[in-house]
Each structure stands twice: as structure tokens, then as C-alpha cells.
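Structure, as C-alpha cells:
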Amino acid sequence: MSIRRLDESTLTTTGRYTDMSVGNVAWGAGSGGTEITTGGYKYHAYTAVGNSTFTVTTPGKFEVLCIGGGGGGGSNTGLGAGAGGVVHDFVVISGTGNGTVIVGGGGAGGFFSNGAGNDQGHSGYFSRFRFSTYAIGGGAGGSADGQTGRGMCNGGSGGALGSPIPGQGNAGGTTSGGGAGAPGVGANGGNGTAEFSDWAIATSTGENDGTGTYYYAGGGAGNGGTGGLGGGGVGSGSDRSGDANTGGGGGGASSSGGDESGGSGVVIVRYPV
């Protein structure tokens with residue numbers, strides 16, 4: 001079995017993929033994950049953190065969305081973390097059989113216990129479809145004592161800086177693996193992307209903005225701020241974690257601590273039916 005990533009594409013009126021190097025390739029089919037058929041597509045949604053299997057039953061072309069886990073926020077009046085990377089791809093698989101899907105978990109928040117601890121958060125974990133499509137995890141948030149959030153290059157948006165406050169989040173990478181979720185800027189997390197709202201609605205993932213549009217990969221807020229649309233963690237209360245299956249970054253913790261872990265990522269495969 002071989003896997004081919006297609007970077008330049010044209011969909012013809014027959015629904016086939018046109019690429020000069022491979023010619024016309026029909027859509028494939030498979031099994032695995034949570035399977036949903038709606039709106040003319042069959043979706044395979046992978047939401048559980050860790051390794052799973054996608055089985056190709058008909059070789060061909062597949063459309064894939066990978067979102068990495070969000071970074072963890074900083075402790076003790078820390079700053080928010082960056083969202084996981086968002087990568088959309090078309091993949092051609094030329095044989096049948098099983099392949100590994102990995103859903104990245106969110107990074108842990110900075111350590112804080114009984115008034116002790118003043119730590120930056122931890123970066124999120126990557127998500128991957130087989131060996132072809134890879135989304136890096138979000139960068140971690142910094143802490144109030146000046147520890148700098150650990151940004152990721154060419155992947156998830158970097159965590160907001162811990163010093164000076166308010167911090168400025170680092171932008172995501174600009175390559176094909178670049179994170180679409182904005183990092184925390186000042187007190188509030190940056191909004192993520194609504195480009196894949198139809199995927200989110202079909203698979204019950206992402207975050208609803210209240211109007212029926214769904215977002216992925218929102219940045220985490222600094223202490224006291226509002227999380228970005230797309231699962232970004234808030235900067236107040238006991239639960240500052242990013243939302244599950246959004247890749248949202250965790251919010252910064254106050255001096256009383258809290259759960260500022262990043263939200264887990266998601267992998268979704270779809271094809272017309």
C-alpha cells in the first residue's frame with residue numbers, strides 16, 4: 001500500500017480528482033472512528049486521545065482534517081496558551097488495509113499547589129492521519145514571573161508571553177503545518193477558524209459561537225480574560241481548560257490555581273457518498 005499527499009487539486013464535474021502526476025483518482029471508502037453520513041458525505045470522526053485505526057476498504061482519495069491538542073496555560077496569574085495546529089489535506093491511498101490515526105491530547109497547565117508553584121504550561125500533542133497528515137500541538141502559556149511561553153514553529157500557535165503582562169501571543173507557523181488558531185493576545189484569547197464549520201456540525205465537535213457557526217482552535221485567555229472562539233480556555237474560575245476536540249488553548253491560572261490544560265485535538269476523514 002502506498003500513500004500520496006496531493007498538494008494541488010482540481011475537482012472536476014464528475015467528482016474525480018485531477019492531478020498531472022497521477023491523473024484522475026476516484027474517491028475511496030473506509031471504516032473506523034465514529035461514522036456519520038450527512039450532507040452528501042460520509043465522515044469518520046476520531047475524538048478519543050491516543051491511537052486508533054482507519055481501514056481503507058476501497059482505495060482512492062480521502063479528505064482529511066487534523067487538529068493538534070492545545071497548549072496548557074501558565075500558573076499563578078499566567079497567560080493563555082496557543083491552539084493546536086489545523087491542517088486540511090487530500091490524501092490518495094492506493095491499497096486496502098489498516099492505518100494508524102493519532103488524536104493529540106492537550107498540554108498540562110503549569111504546576112501550582114497550596115500557594116507554591118509559578119510555572120509555564122506545557123505544549124499540546126500532535127495529531128496525525130496515517131503517515132501523511134500531521135498537525136502539531138499548541139505552544140504553552142507563560143507565567144507571571146516572566147517565564148516565556150514555549151512557542152512552536154511551523155505548527156500550533158505559540159503561547160502568550162508571561163512578561164511583560166499583558167503578553168503578546170506568537171503567531172502560528174505559515175507552512176502547510178501552520179496553526180490556524182490564534183494565541184492569547186493581551187487578556188483575551190484569539191479566535192480560531194470557522195472554515196470547517198460543516199465538519200464540526202456533522203461530527204458534534206468544535207465550539208458553537210451562538211449563531212450556529214462552529215469554530216476550531218481558539219487561543220486561551222490570560223488571567224481574567226475571555227477564551228477565543230474554538231474552545232479557548234477562559235481566564236477565570238476553577239476550569240480554565242480548553243474544550244475537548246477543538247484544539248483550544250488553556251487559559252492562564254490565577255494565584256488560586258485551576259485546571260488550565262489545553263483541549264484535545266480531533267482527526268476527521270470524509271468523502272462523498
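Please note that chains go A, B, ... in the order of the C-alpha cells, that every chain numbers its residues from 1, and that ligands are numbered from 1 in the order shown.
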
Set the distance at 7 Å and use only C-alpha atoms: which residues neighbour Val273 in chain A once local chain neighbours fewer than 2 positions away are removed? I'd like the list as an mmCIF file with C-alpha atoms, in the first residue's frame.
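Below is the file that was written, out.cif:
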data_model
loop_
_atom_site.group_PDB
_atom_site.id
_atom_site.type_symbol
_atom_site.label_atom_id
_atom_site.label_comp_id
_atom_site.auth_asym_id
_atom_site.auth_seq_id
_atom_site.Cartn_x
_atom_site.Cartn_y
_atom_site.Cartn_z
ATOM 1 C CA GLY A 40 -23.673 14.039 0.866
ATOM 2 C CA TYR A 41 -20.547 12.968 2.791
ATOM 3 C CA LYS A 42 -19.518 10.104 4.993
ATOM 4 C CA TYR A 271 -15.529 11.526 1.232
#

Point to revise | Shell around range 248-252 of chain A at 7 Å using only C-alpha atoms, local window under 6 positions removed, as a PyMOL selection string | key: chain A and resi 70-75+77-84+138+141+217-223+227+230-235+240-242+260-263

Exercise for review: Measure the distance from CA of Gly68 in chain A to CA of Gly107 in chain A in Å and round it to one decimal.
Suggested key: 10.3 Å

Point to revise | Surrounding residues of Val103 in chain A excluding itself and chain neighbours under 5 positions, 8 Å, only C-alpha atoms, as a PyMOL selection string | key: chain A and resi 46-51+68-69+126-128+264-267

Any chance you can output those residues with C-alpha atoms as a short mmCIF file (atom, residue, chain, number, x, y, z; two decimals), in the first residue's frame?
data_model
loop_
_atom_site.label_atom_id
_atom_site.label_comp_id
_atom_site.auth_asym_id
_atom_site.auth_seq_id
_atom_site.Cartn_x
_atom_site.Cartn_y
_atom_site.Cartn_z
CA TYR A 46 -11.75 10.32 15.82
CA THR A 47 -12.20 12.02 19.19
CA ALA A 48 -10.53 9.72 21.74
CA VAL A 49 -6.98 10.75 22.65
CA GLY A 50 -4.39 8.22 21.55
CA ASN A 51 -4.07 5.69 18.73
CA GLY A 68 -3.49 19.11 17.29
CA GLY A 69 -4.02 19.39 21.03
CA PHE A 126 0.34 16.32 17.75
CA SER A 127 -2.48 14.67 15.80
CA ARG A 128 -1.82 12.52 12.72
CA SER A 264 -7.68 17.69 22.92
CA GLY A 265 -7.47 17.63 19.15
CA VAL A 266 -9.52 15.72 16.59
CA VAL A 267 -8.99 13.86 13.29
#

Exercise for review: Please provide as a PyMOL selection string all residues within 9 Å of Arg130 in chain A, with the sequence filter that same-chain residues fewer than 2 positions apart are discarded (counting only C-alpha atoms).
Suggested key: chain A and resi 3+53-54+99-102+128+132-134
